[in-house]
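*Asks:* Starting off with a structure, shown below.
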Amino acid sequence: MEKVRQVLPQSELPPPSNASRAAGSSLPWKNGLLAYAVVAIAALSLGAAWLHAYPALDRAAPDAFAAPDAGSTDVHHYPPSSPTNVFPSLFPSDVGHAGPTQTGAEPALVATAPAYPIHTGAPHLLGPEALRNHSKQPFDIFRHWGNLSPWFSVGRNAFGIDASPEPPQGCRVTGLHLLHRHGARYPTGQASFGGPANFSARLAQSPQSWQARGELEFLNDWTYKLGEEILTPFGRQQLFDLGVSMRLKYGFLLHNFTSTNTLPVFRTESQDRMLASAHNFALGFFGYPLDGQYQQLVTIEDHGFNNTLAPSKTCRNAHAPARGDRAVPFVRAWGARYLRDALARLAPQIEGLELTLEDVYVMQQLCAYETVAIGYSKFCELFTEEEWEGFDYAIDLYFWYNSAFGSPVARAQGVGYVQELVSRLTHIPIEAHNSSTNATLDDDPATFPLGQSLYVDATHEVVVLNVITALNLTSFAADGPLPTDHIPPNRAFKTSHLAPFATNVQFQLLSCASSPDPQIRIIINDGVAPLTGIRGCPDTAEGTCPVPTFVAAQRETIRDTDWAWACLGKWEVPSGTAWNTTTGDPPRRG
């Protein structure tokens, strides 16, 4: 091959005569050139075939180890701590001369439009250029990331009700209670399984001792660009857009506040991402400036403070691995199945570092986290569609056994919010503070007003699943206990449907000509949820239930839920499949 490189350049060849070019003569120099060309083409063809057959052994020089900063954390601190060009007096936020400021009518899209708008979920994000073994069927990778998926409209009949969120014929919307999750965030600081920061730390520990090839070659100069827990730019946009969406659909409910000369009270928690989510929602819903348009209650999210939007802070058993963190054995068992081929495929592509099953799982996490943080991720290209479906189900297992119907502390953590919901629906203060409710705030009509037509509460995905469990929305538990050897076909419990980034649950109140009682529906990410698991609620085509029936059933749940036993009791359950629940309850007392 060295000889080929010396001969092929045109500058080193003797120039042919015009006659020989015209005649196409077979002079010795030309024969030599053709021979070398044949050899070169053959060598290139063999090389291409070899690479195609063995993509894991792509071209990396044998002594080319990873860059010294591979796997290290890349942080940009903005804004600068002491900028030199700040002159507040020269940059006032309001200089007057605003021009006309007359407002128009409030929008009421949910009541007046001929159809309901669909939210597709991921503007500004870029999916992988190609997925391994890409099929001809449409495949949206953003919808296969479980709780890390951006929220999207799940569509009619996603939960078994062939209806959409606009009010049924003969009904009108009279109120909305909205429970939503924060927007897309960086990874949390701790992870019982996986955790992107753990993987990057392994790479950064000794970059001089490993090198990656083939599909993983990008790791040689990859750095960890993720922060911790706060919203990403995309996450901020999600909540702003959600606020805009809700104003367009339910803005007319503000008439009730104008007529009573009051302002809405929205709630969130003190964590940075929770406060930022609430403010971005409000900016979308009300517009800038926010002053004078609503009141934002910020509840303390910390251990020892009762808070229905962060109930684990007073539920001691929620932090006990054997009680509140039971999912890891199930996730590991499923991971050993669905990631077996991926591990065998990727492990040979990195030398000097032994990839584990958990590392490969983290690569899937990194695909999602990097995409919602910086817009795109090379990790997304490493896996097949089937492996992404497996990842989605792995997250279902995690949340089923830690936060939903398979968790022995799920109902107890969700029941406090149910108490508040019942109080708001009945306009009656909470009777007994025997869960995560906060008596100081909930007994004060200023911070917990009753009789309003619009409520907005921001929380975490685990709390949304706690509440779904406590409400007895048992249609989502139809496949439980979830198995670890296969994915149930058409499964009812999908975290990407129930608790993605910016998930939103609408408790929609209706007045219908066909019924003397007010009606309630529960709409999760634009999908109408069946209420047949709630005692007395009828099986209706539109998913409605009379409010008095709904309230009576929830009061029964409140009475039957032993928060003190579930959260503080000294009960034990074996790990794995030796013990299960599909109601979110612990073993009974005694």
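The chains in the structure tokens are called A, B, ... from first to last as shown; in each chain the residues are counted from 1, and the ligands are counted from 1 in the order shown.
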Under the rule of at most 10 Å, produce a per-residue listing of segment 216-311 of chain A near segment 447-456 of chain A: chain, number, name, the closest pair of atoms, and the distance in Å, as JSON lines, using only C-alpha atoms.

*Replies:*
{"residue": "A:Tyr250", "atom": "CA", "partner": "A:Leu454", "partner_atom": "CA", "distance": 8.8}
{"residue": "A:Gly251", "atom": "CA", "partner": "A:Leu454", "partner_atom": "CA", "distance": 9.6}
{"residue": "A:Leu253", "atom": "CA", "partner": "A:Ser453", "partner_atom": "CA", "distance": 6.2}
{"residue": "A:Leu254", "atom": "CA", "partner": "A:Leu454", "partner_atom": "CA", "distance": 7.7}
{"residue": "A:His255", "atom": "CA", "partner": "A:Ser453", "partner_atom": "CA", "distance": 9.3}
{"residue": "A:Asn256", "atom": "CA", "partner": "A:Ser453", "partner_atom": "CA", "distance": 6.8}
{"residue": "A:Phe257", "atom": "CA", "partner": "A:Gln452", "partner_atom": "CA", "distance": 7.7}
{"residue": "A:Thr260", "atom": "CA", "partner": "A:Gln452", "partner_atom": "CA", "distance": 9.7}
{"residue": "A:Thr262", "atom": "CA", "partner": "A:Gln452", "partner_atom": "CA", "distance": 9.3}
{"residue": "A:Leu263", "atom": "CA", "partner": "A:Gln452", "partner_atom": "CA", "distance": 9.3}
{"residue": "A:Pro264", "atom": "CA", "partner": "A:Leu454", "partner_atom": "CA", "distance": 6.9}
{"residue": "A:Val265", "atom": "CA", "partner": "A:Tyr455", "partner_atom": "CA", "distance": 6.9}
{"residue": "A:Phe266", "atom": "CA", "partner": "A:Val456", "partner_atom": "CA", "distance": 4.9}
{"residue": "A:Arg267", "atom": "CA", "partner": "A:Val456", "partner_atom": "CA", "distance": 6.4}
{"residue": "A:Thr268", "atom": "CA", "partner": "A:Val456", "partner_atom": "CA", "distance": 8.7}
{"residue": "A:Ala278", "atom": "CA", "partner": "A:Val456", "partner_atom": "CA", "distance": 9.0}
{"residue": "A:Phe281", "atom": "CA", "partner": "A:Val456", "partner_atom": "CA", "distance": 9.6}
{"residue": "A:Ala282", "atom": "CA", "partner": "A:Val456", "partner_atom": "CA", "distance": 9.7}
{"residue": "A:Gln295", "atom": "CA", "partner": "A:Thr447", "partner_atom": "CA", "distance": 9.0}
{"residue": "A:Gln296", "atom": "CA", "partner": "A:Thr447", "partner_atom": "CA", "distance": 9.2}
{"residue": "A:Leu297", "atom": "CA", "partner": "A:Thr447", "partner_atom": "CA", "distance": 6.9}
{"residue": "A:Val298", "atom": "CA", "partner": "A:Thr447", "partner_atom": "CA", "distance": 9.9}

*Asks:* Could those selected residues go to a file with N, CA and C atoms, as a compact mmCIF listing (two decimals), in the first residue's frame?

*Replies:*
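Okay, this is what ended up in out07.txt:
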# COMPACT_ATOMS: atom_id res chain seq x y z
N TYR A 250 -58.97 27.26 28.93
CA TYR A 250 -59.78 27.51 30.12
C TYR A 250 -59.74 28.95 30.60
N GLY A 251 -59.31 29.87 29.77
CA GLY A 251 -59.22 31.27 30.20
C GLY A 251 -60.53 31.84 30.69
N LEU A 253 -62.58 30.71 32.66
CA LEU A 253 -62.82 30.48 34.09
C LEU A 253 -62.38 31.66 34.95
N LEU A 254 -61.56 32.55 34.40
CA LEU A 254 -61.14 33.73 35.15
C LEU A 254 -62.29 34.72 35.37
N HIS A 255 -63.37 34.59 34.60
CA HIS A 255 -64.54 35.46 34.83
C HIS A 255 -65.03 35.34 36.27
N ASN A 256 -64.90 34.13 36.84
CA ASN A 256 -65.39 33.93 38.21
C ASN A 256 -64.58 34.75 39.21
N PHE A 257 -63.29 34.92 38.95
CA PHE A 257 -62.46 35.71 39.85
C PHE A 257 -62.77 37.21 39.70
N THR A 260 -65.93 37.95 41.62
CA THR A 260 -65.82 37.91 43.08
C THR A 260 -64.70 38.80 43.61
N THR A 262 -61.44 38.54 43.34
CA THR A 262 -60.39 37.74 43.98
C THR A 262 -59.35 37.34 42.94
N LEU A 263 -58.25 36.78 43.41
CA LEU A 263 -57.20 36.28 42.54
C LEU A 263 -57.01 34.79 42.76
N PRO A 264 -56.63 34.04 41.72
CA PRO A 264 -56.33 32.62 41.91
C PRO A 264 -55.11 32.42 42.78
N VAL A 265 -55.07 31.29 43.47
CA VAL A 265 -53.90 30.87 44.25
C VAL A 265 -53.38 29.58 43.64
N PHE A 266 -52.18 29.63 43.07
CA PHE A 266 -51.52 28.44 42.53
C PHE A 266 -50.47 27.98 43.55
N ARG A 267 -50.15 26.69 43.52
CA ARG A 267 -49.21 26.15 44.51
C ARG A 267 -48.03 25.45 43.82
N THR A 268 -46.88 25.56 44.46
CA THR A 268 -45.70 24.81 44.06
C THR A 268 -44.83 24.60 45.28
N ALA A 278 -43.34 26.55 38.06
CA ALA A 278 -44.55 27.30 38.38
C ALA A 278 -44.51 28.70 37.76
N PHE A 281 -44.96 28.43 33.98
CA PHE A 281 -46.38 28.18 33.70
C PHE A 281 -47.18 29.47 33.81
N ALA A 282 -46.94 30.20 34.89
CA ALA A 282 -47.69 31.44 35.10
C ALA A 282 -47.42 32.47 34.01
N GLN A 295 -51.67 34.71 42.86
CA GLN A 295 -50.82 34.55 44.03
C GLN A 295 -50.18 33.16 43.98
N GLN A 296 -48.85 33.15 44.12
CA GLN A 296 -48.12 31.89 44.05
C GLN A 296 -47.71 31.45 45.46
N LEU A 297 -48.31 30.38 45.92
CA LEU A 297 -47.94 29.81 47.21
C LEU A 297 -46.77 28.86 47.01
N VAL A 298 -45.68 29.09 47.74
CA VAL A 298 -44.50 28.24 47.67
C VAL A 298 -44.40 27.47 48.98

*Asks:* Fewer than 2 positions away in the same chain doesn't count, so skip those; otherwise give me all residues within 7 Å of segment 431-443 of chain A, counting only C-alpha atoms, as a JSON list (two decimals) with all heavy atoms, in the first residue's frame.

*Replies:*
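out-v3.json, freshly written:
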[["chain", "number", "residue", "atom", "x", "y", "z"],
["A", 306, "ASN", "N", -44.84, 18.93, 56.42],
["A", 306, "ASN", "CA", -45.98, 18.32, 55.75],
["A", 306, "ASN", "C", -46.27, 19.02, 54.44],
["A", 306, "ASN", "O", -46.38, 20.26, 54.39],
["A", 306, "ASN", "CB", -47.22, 18.39, 56.65],
["A", 306, "ASN", "CG", -47.26, 17.26, 57.66],
["A", 306, "ASN", "OD1", -46.20, 16.76, 58.08],
["A", 306, "ASN", "ND2", -48.45, 16.84, 58.05],
["A", 307, "ASN", "N", -46.40, 18.24, 53.39],
["A", 307, "ASN", "CA", -46.57, 18.81, 52.06],
["A", 307, "ASN", "C", -47.17, 17.74, 51.15],
["A", 307, "ASN", "O", -46.51, 16.75, 50.84],
["A", 307, "ASN", "CB", -45.21, 19.28, 51.51],
["A", 307, "ASN", "CG", -45.36, 20.15, 50.28],
["A", 307, "ASN", "OD1", -46.30, 20.02, 49.51],
["A", 307, "ASN", "ND2", -44.40, 21.04, 50.07],
["A", 308, "THR", "N", -48.40, 17.93, 50.71],
["A", 308, "THR", "CA", -49.05, 16.93, 49.85],
["A", 308, "THR", "C", -48.42, 16.87, 48.47],
["A", 308, "THR", "O", -48.61, 15.88, 47.75],
["A", 308, "THR", "CB", -50.54, 17.23, 49.70],
["A", 308, "THR", "OG1", -50.71, 18.53, 49.11],
["A", 308, "THR", "CG2", -51.25, 17.21, 51.05],
["A", 311, "PRO", "N", -44.95, 14.47, 49.44],
["A", 311, "PRO", "CA", -45.34, 13.72, 50.64],
["A", 311, "PRO", "C", -44.26, 12.80, 51.19],
["A", 311, "PRO", "O", -44.34, 12.40, 52.36],
["A", 311, "PRO", "CB", -46.54, 12.90, 50.16],
["A", 311, "PRO", "CG", -46.34, 12.75, 48.68],
["A", 311, "PRO", "CD", -45.69, 14.03, 48.24],
["A", 314, "THR", "N", -42.28, 13.40, 54.76],
["A", 314, "THR", "CA", -42.74, 13.00, 56.09],
["A", 314, "THR", "C", -43.10, 11.52, 56.15],
["A", 314, "THR", "O", -43.63, 11.06, 57.16],
["A", 314, "THR", "CB", -43.96, 13.84, 56.53],
["A", 314, "THR", "OG1", -44.93, 13.83, 55.49],
["A", 314, "THR", "CG2", -43.55, 15.27, 56.84],
["A", 416, "GLY", "N", -53.08, 12.40, 50.83],
["A", 416, "GLY", "CA", -53.17, 13.79, 51.30],
["A", 416, "GLY", "C", -53.71, 14.71, 50.22],
["A", 416, "GLY", "O", -54.55, 15.58, 50.49],
["A", 429, "PRO", "N", -63.66, 22.52, 54.72],
["A", 429, "PRO", "CA", -62.27, 22.34, 55.18],
["A", 429, "PRO", "C", -61.97, 20.88, 55.51],
["A", 429, "PRO", "O", -62.87, 20.09, 55.82],
["A", 429, "PRO", "CB", -62.17, 23.23, 56.42],
["A", 429, "PRO", "CG", -63.25, 24.26, 56.23],
["A", 429, "PRO", "CD", -64.37, 23.55, 55.51],
["A", 445, "PRO", "N", -57.94, 30.08, 54.80],
["A", 445, "PRO", "CA", -58.60, 30.35, 53.52],
["A", 445, "PRO", "C", -57.79, 31.24, 52.58],
["A", 445, "PRO", "O", -58.06, 31.28, 51.38],
["A", 445, "PRO", "CB", -59.91, 31.03, 53.92],
["A", 445, "PRO", "CG", -59.68, 31.55, 55.30],
["A", 445, "PRO", "CD", -58.71, 30.61, 55.94],
["A", 447, "THR", "N", -54.44, 30.86, 52.04],
["A", 447, "THR", "CA", -53.48, 30.00, 51.34],
["A", 447, "THR", "C", -54.13, 28.75, 50.75],
["A", 447, "THR", "O", -53.54, 28.11, 49.88],
["A", 447, "THR", "CB", -52.35, 29.58, 52.30],
["A", 447, "THR", "OG1", -52.92, 29.05, 53.50],
["A", 447, "THR", "CG2", -51.48, 30.78, 52.65],
["A", 448, "PHE", "N", -55.33, 28.40, 51.24],
["A", 448, "PHE", "CA", -56.05, 27.26, 50.68],
["A", 448, "PHE", "C", -57.52, 27.66, 50.51],
["A", 448, "PHE", "O", -58.40, 27.22, 51.24],
["A", 448, "PHE", "CB", -55.92, 26.04, 51.60],
["A", 448, "PHE", "CG", -56.40, 24.74, 50.97],
["A", 448, "PHE", "CD1", -55.62, 24.10, 50.02],
["A", 448, "PHE", "CD2", -57.61, 24.19, 51.34],
["A", 448, "PHE", "CE1", -56.06, 22.90, 49.45],
["A", 448, "PHE", "CE2", -58.05, 23.00, 50.77],
["A", 448, "PHE", "CZ", -57.27, 22.36, 49.82],
["A", 563, "TRP", "N", -52.32, 6.11, 57.03],
["A", 563, "TRP", "CA", -51.06, 6.79, 56.69],
["A", 563, "TRP", "C", -49.97, 6.49, 57.71],
["A", 563, "TRP", "O", -48.82, 6.22, 57.36],
["A", 563, "TRP", "CB", -51.30, 8.30, 56.59],
["A", 563, "TRP", "CG", -50.07, 9.08, 56.22],
["A", 563, "TRP", "CD1", -49.64, 9.39, 54.98],
["A", 563, "TRP", "CD2", -49.09, 9.60, 57.13],
["A", 563, "TRP", "NE1", -48.45, 10.08, 55.03],
["A", 563, "TRP", "CE2", -48.09, 10.22, 56.34],
["A", 563, "TRP", "CE3", -48.95, 9.60, 58.51],
["A", 563, "TRP", "CZ2", -46.98, 10.85, 56.91],
["A", 563, "TRP", "CZ3", -47.83, 10.22, 59.08],
["A", 563, "TRP", "CH2", -46.86, 10.83, 58.28]]

*Asks:* Find the residues around segment 408-412 of chain A up to 6 Å (only C-alpha atoms counted), leave out those fewer than 5 positions away in its own chain, and share them as a PDB file with C-alpha atoms, in the first residue's frame.

*Replies:*
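Result written to part_5.pdb:
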ATOM      1  CA  SER A 403     -44.417   4.912  43.243  1.00  0.00           C
ATOM      2  CA  ASN A 466     -49.157   8.336  44.075  1.00  0.00           C
ATOM      3  CA  THR A 469     -53.049   5.115  42.885  1.00  0.00           C
ATOM      4  CA  ALA A 470     -54.851   6.744  45.805  1.00  0.00           C
ATOM      5  CA  TRP A 563     -51.064   6.790  56.687  1.00  0.00           C
ATOM      6  CA  ALA A 566     -47.871   2.812  55.878  1.00  0.00           C
ATOM      7  CA  GLY A 584     -50.441   0.555  46.661  1.00  0.00           C
ATOM      8  CA  ASP A 585     -50.999  -0.651  50.238  1.00  0.00           C
ATOM      9  CA  PRO A 586     -48.627  -2.256  52.777  1.00  0.00           C
TER      10      PRO A 586
END

*Asks:* Between atom CA of Val551 of chain A and atom CA of Ile468 of chain A, what distance in Å does the model show, to one decimal?

*Replies:*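 Here the two named atoms are 15.1 Å from each other.
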
*Asks:* Using the chain letters and numbers from this document, which residues of segment 457-521 of chain A does DSSP assign to helix (DSSP H, G or I), as an mmCIF file with all heavy atoms, in the first residue's frame?

*Replies:*
data_model
loop_
_atom_site.group_PDB
_atom_site.id
_atom_site.type_symbol
_atom_site.label_atom_id
_atom_site.label_comp_id
_atom_site.auth_asym_id
_atom_site.auth_seq_id
_atom_site.Cartn_x
_atom_site.Cartn_y
_atom_site.Cartn_z
ATOM 1 N N GLU A 461 -43.296 13.663 39.343
ATOM 2 C CA GLU A 461 -43.953 12.542 38.688
ATOM 3 C C GLU A 461 -44.344 11.461 39.680
ATOM 4 O O GLU A 461 -45.390 10.809 39.529
ATOM 5 C CB GLU A 461 -43.080 11.966 37.573
ATOM 6 C CG GLU A 461 -41.953 11.029 38.011
ATOM 7 C CD GLU A 461 -40.666 11.777 38.320
ATOM 8 O OE1 GLU A 461 -40.719 12.808 39.017
ATOM 9 O OE2 GLU A 461 -39.589 11.311 37.872
ATOM 10 N N VAL A 462 -43.526 11.257 40.718
ATOM 11 C CA VAL A 462 -43.859 10.223 41.692
ATOM 12 C C VAL A 462 -45.163 10.559 42.409
ATOM 13 O O VAL A 462 -45.958 9.672 42.733
ATOM 14 C CB VAL A 462 -42.716 10.024 42.699
ATOM 15 C CG1 VAL A 462 -41.492 9.443 42.014
ATOM 16 C CG2 VAL A 462 -42.362 11.313 43.422
ATOM 17 N N VAL A 463 -45.398 11.841 42.654
ATOM 18 C CA VAL A 463 -46.617 12.252 43.345
ATOM 19 C C VAL A 463 -47.823 12.081 42.435
ATOM 20 O O VAL A 463 -48.900 11.666 42.883
ATOM 21 C CB VAL A 463 -46.489 13.700 43.855
ATOM 22 C CG1 VAL A 463 -47.734 14.099 44.638
ATOM 23 C CG2 VAL A 463 -45.250 13.861 44.711
ATOM 24 N N VAL A 464 -47.670 12.388 41.150
ATOM 25 C CA VAL A 464 -48.765 12.142 40.209
ATOM 26 C C VAL A 464 -49.165 10.674 40.248
ATOM 27 O O VAL A 464 -50.354 10.337 40.301
ATOM 28 C CB VAL A 464 -48.355 12.564 38.780
ATOM 29 C CG1 VAL A 464 -49.395 12.106 37.765
ATOM 30 C CG2 VAL A 464 -48.168 14.071 38.701
ATOM 31 N N LEU A 465 -48.181 9.776 40.261
ATOM 32 C CA LEU A 465 -48.485 8.342 40.314
ATOM 33 C C LEU A 465 -49.052 7.947 41.674
ATOM 34 O O LEU A 465 -49.935 7.081 41.755
ATOM 35 C CB LEU A 465 -47.229 7.540 40.005
ATOM 36 C CG LEU A 465 -46.685 7.714 38.582
ATOM 37 C CD1 LEU A 465 -45.351 6.999 38.415
ATOM 38 C CD2 LEU A 465 -47.683 7.214 37.538
ATOM 39 N N ASN A 466 -48.559 8.560 42.752
ATOM 40 C CA ASN A 466 -49.157 8.336 44.075
ATOM 41 C C ASN A 466 -50.644 8.696 44.066
ATOM 42 O O ASN A 466 -51.485 7.941 44.583
ATOM 43 C CB ASN A 466 -48.469 9.200 45.133
ATOM 44 C CG ASN A 466 -47.021 8.853 45.406
ATOM 45 O OD1 ASN A 466 -46.283 9.665 45.958
ATOM 46 N ND2 ASN A 466 -46.591 7.673 45.019
ATOM 47 N N VAL A 467 -50.969 9.825 43.470
ATOM 48 C CA VAL A 467 -52.359 10.308 43.457
ATOM 49 C C VAL A 467 -53.231 9.403 42.585
ATOM 50 O O VAL A 467 -54.361 9.058 42.961
ATOM 51 C CB VAL A 467 -52.406 11.774 42.969
ATOM 52 C CG1 VAL A 467 -53.839 12.221 42.730
ATOM 53 C CG2 VAL A 467 -51.721 12.688 43.981
ATOM 54 N N ILE A 468 -52.731 9.013 41.414
ATOM 55 C CA ILE A 468 -53.489 8.098 40.549
ATOM 56 C C ILE A 468 -53.801 6.803 41.299
ATOM 57 O O ILE A 468 -54.906 6.248 41.198
ATOM 58 C CB ILE A 468 -52.693 7.816 39.261
ATOM 59 C CG1 ILE A 468 -52.705 9.047 38.356
ATOM 60 C CG2 ILE A 468 -53.245 6.602 38.527
ATOM 61 C CD1 ILE A 468 -51.812 8.931 37.140
ATOM 62 N N THR A 469 -52.839 6.327 42.098
ATOM 63 C CA THR A 469 -53.049 5.115 42.885
ATOM 64 C C THR A 469 -54.079 5.352 43.979
ATOM 65 O O THR A 469 -55.001 4.542 44.164
ATOM 66 C CB THR A 469 -51.719 4.659 43.503
ATOM 67 O OG1 THR A 469 -50.754 4.457 42.463
ATOM 68 C CG2 THR A 469 -51.893 3.366 44.280
ATOM 69 N N ALA A 470 -53.936 6.460 44.697
ATOM 70 C CA ALA A 470 -54.851 6.744 45.805
ATOM 71 C C ALA A 470 -56.280 6.980 45.330
ATOM 72 O O ALA A 470 -57.239 6.675 46.056
ATOM 73 C CB ALA A 470 -54.352 7.955 46.587
ATOM 74 N N THR A 474 -58.066 2.119 38.929
ATOM 75 C CA THR A 474 -57.551 0.754 38.868
ATOM 76 C C THR A 474 -57.413 0.220 37.451
ATOM 77 O O THR A 474 -56.777 -0.835 37.266
ATOM 78 C CB THR A 474 -58.458 -0.187 39.671
ATOM 79 O OG1 THR A 474 -59.806 -0.075 39.168
ATOM 80 C CG2 THR A 474 -58.444 0.180 41.146
ATOM 81 N N SER A 475 -57.960 0.893 36.456
ATOM 82 C CA SER A 475 -57.760 0.415 35.085
ATOM 83 C C SER A 475 -56.279 0.420 34.721
ATOM 84 O O SER A 475 -55.839 -0.383 33.892
ATOM 85 C CB SER A 475 -58.546 1.288 34.094
ATOM 86 O OG SER A 475 -58.069 2.625 34.121
ATOM 87 N N PHE A 476 -55.506 1.290 35.359
ATOM 88 C CA PHE A 476 -54.065 1.343 35.089
ATOM 89 C C PHE A 476 -53.301 0.209 35.781
ATOM 90 O O PHE A 476 -52.111 0.023 35.523
ATOM 91 C CB PHE A 476 -53.492 2.695 35.523
ATOM 92 C CG PHE A 476 -54.044 3.850 34.748
ATOM 93 C CD1 PHE A 476 -54.806 4.830 35.366
ATOM 94 C CD2 PHE A 476 -53.828 3.952 33.378
ATOM 95 C CE1 PHE A 476 -55.319 5.901 34.645
ATOM 96 C CE2 PHE A 476 -54.343 5.008 32.650
ATOM 97 C CZ PHE A 476 -55.093 5.989 33.277
ATOM 98 N N ALA A 477 -53.994 -0.530 36.649
ATOM 99 C CA ALA A 477 -53.360 -1.649 37.357
ATOM 100 C C ALA A 477 -53.758 -2.986 36.758
ATOM 101 O O ALA A 477 -53.448 -4.036 37.331
ATOM 102 C CB ALA A 477 -53.733 -1.607 38.840
ATOM 103 N N THR A 495 -45.517 4.699 31.964
ATOM 104 C CA THR A 495 -45.053 5.931 32.591
ATOM 105 C C THR A 495 -44.957 7.072 31.592
ATOM 106 O O THR A 495 -45.219 8.227 31.944
ATOM 107 C CB THR A 495 -43.679 5.702 33.248
ATOM 108 O OG1 THR A 495 -43.703 4.499 34.004
ATOM 109 C CG2 THR A 495 -43.318 6.850 34.169
ATOM 110 N N SER A 496 -44.600 6.765 30.345
ATOM 111 C CA SER A 496 -44.526 7.826 29.333
ATOM 112 C C SER A 496 -45.891 8.436 29.058
ATOM 113 O O SER A 496 -45.982 9.580 28.593
ATOM 114 C CB SER A 496 -43.934 7.275 28.031
ATOM 115 O OG SER A 496 -44.685 6.169 27.553
ATOM 116 N N HIS A 497 -46.968 7.710 29.342
ATOM 117 C CA HIS A 497 -48.324 8.237 29.193
ATOM 118 C C HIS A 497 -48.810 8.959 30.442
ATOM 119 O O HIS A 497 -49.606 9.891 30.353
ATOM 120 C CB HIS A 497 -49.302 7.097 28.874
ATOM 121 C CG HIS A 497 -49.203 6.586 27.485
ATOM 122 N ND1 HIS A 497 -50.045 5.620 26.969
ATOM 123 C CD2 HIS A 497 -48.362 6.903 26.467
ATOM 124 C CE1 HIS A 497 -49.732 5.366 25.718
ATOM 125 N NE2 HIS A 497 -48.707 6.128 25.386
ATOM 126 N N LEU A 498 -48.348 8.504 31.606
ATOM 127 C CA LEU A 498 -48.895 8.996 32.868
ATOM 128 C C LEU A 498 -48.022 10.033 33.563
ATOM 129 O O LEU A 498 -48.548 10.906 34.252
ATOM 130 C CB LEU A 498 -49.112 7.814 33.828
ATOM 131 C CG LEU A 498 -50.070 6.714 33.357
ATOM 132 C CD1 LEU A 498 -50.097 5.573 34.379
ATOM 133 C CD2 LEU A 498 -51.471 7.267 33.141
#

*Asks:* Quick one: of A:Ala404, A:Ile524, A:Ala394, A:Leu355, who's nearest to Trp210 of chain A, counting only C-alpha atoms?

*Replies:*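 Smallest distance to Trp210 of chain A is found for A:Leu355.
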
*Asks:* So that I can see what lies close to Val547 of chain A, please list as a PDB file with N, CA, C and O atoms, in the first residue's frame the residues with an atom at most 7 Å from it, counting only C-alpha atoms and leaving out residues fewer than 3 positions away in the same chain.

*Replies:*
ATOM      1  N   ASP A 517     -76.776  16.426  38.965  1.00  0.00           N
ATOM      2  CA  ASP A 517     -75.540  16.534  39.726  1.00  0.00           C
ATOM      3  C   ASP A 517     -74.398  17.023  38.839  1.00  0.00           C
ATOM      4  O   ASP A 517     -74.318  16.656  37.657  1.00  0.00           O
ATOM      5  N   PRO A 518     -73.490  17.812  39.392  1.00  0.00           N
ATOM      6  CA  PRO A 518     -72.283  18.154  38.634  1.00  0.00           C
ATOM      7  C   PRO A 518     -71.473  16.894  38.353  1.00  0.00           C
ATOM      8  O   PRO A 518     -71.512  15.929  39.126  1.00  0.00           O
ATOM      9  N   GLN A 519     -70.729  16.907  37.273  1.00  0.00           N
ATOM     10  CA  GLN A 519     -69.948  15.744  36.851  1.00  0.00           C
ATOM     11  C   GLN A 519     -68.450  16.072  36.933  1.00  0.00           C
ATOM     12  O   GLN A 519     -68.052  17.223  36.858  1.00  0.00           O
ATOM     13  N   ILE A 520     -67.638  15.018  37.057  1.00  0.00           N
ATOM     14  CA  ILE A 520     -66.190  15.179  37.055  1.00  0.00           C
ATOM     15  C   ILE A 520     -65.584  14.187  36.074  1.00  0.00           C
ATOM     16  O   ILE A 520     -66.085  13.069  35.900  1.00  0.00           O
ATOM     17  N   PHE A 550     -68.364  10.527  43.335  1.00  0.00           N
ATOM     18  CA  PHE A 550     -66.902  10.577  43.359  1.00  0.00           C
ATOM     19  C   PHE A 550     -66.403  10.943  44.750  1.00  0.00           C
ATOM     20  O   PHE A 550     -65.490  10.303  45.294  1.00  0.00           O
ATOM     21  N   VAL A 551     -67.004  11.956  45.352  1.00  0.00           N
ATOM     22  CA  VAL A 551     -66.579  12.421  46.675  1.00  0.00           C
ATOM     23  C   VAL A 551     -66.817  11.345  47.734  1.00  0.00           C
ATOM     24  O   VAL A 551     -65.957  11.097  48.599  1.00  0.00           O
TER      25      VAL A 551
END
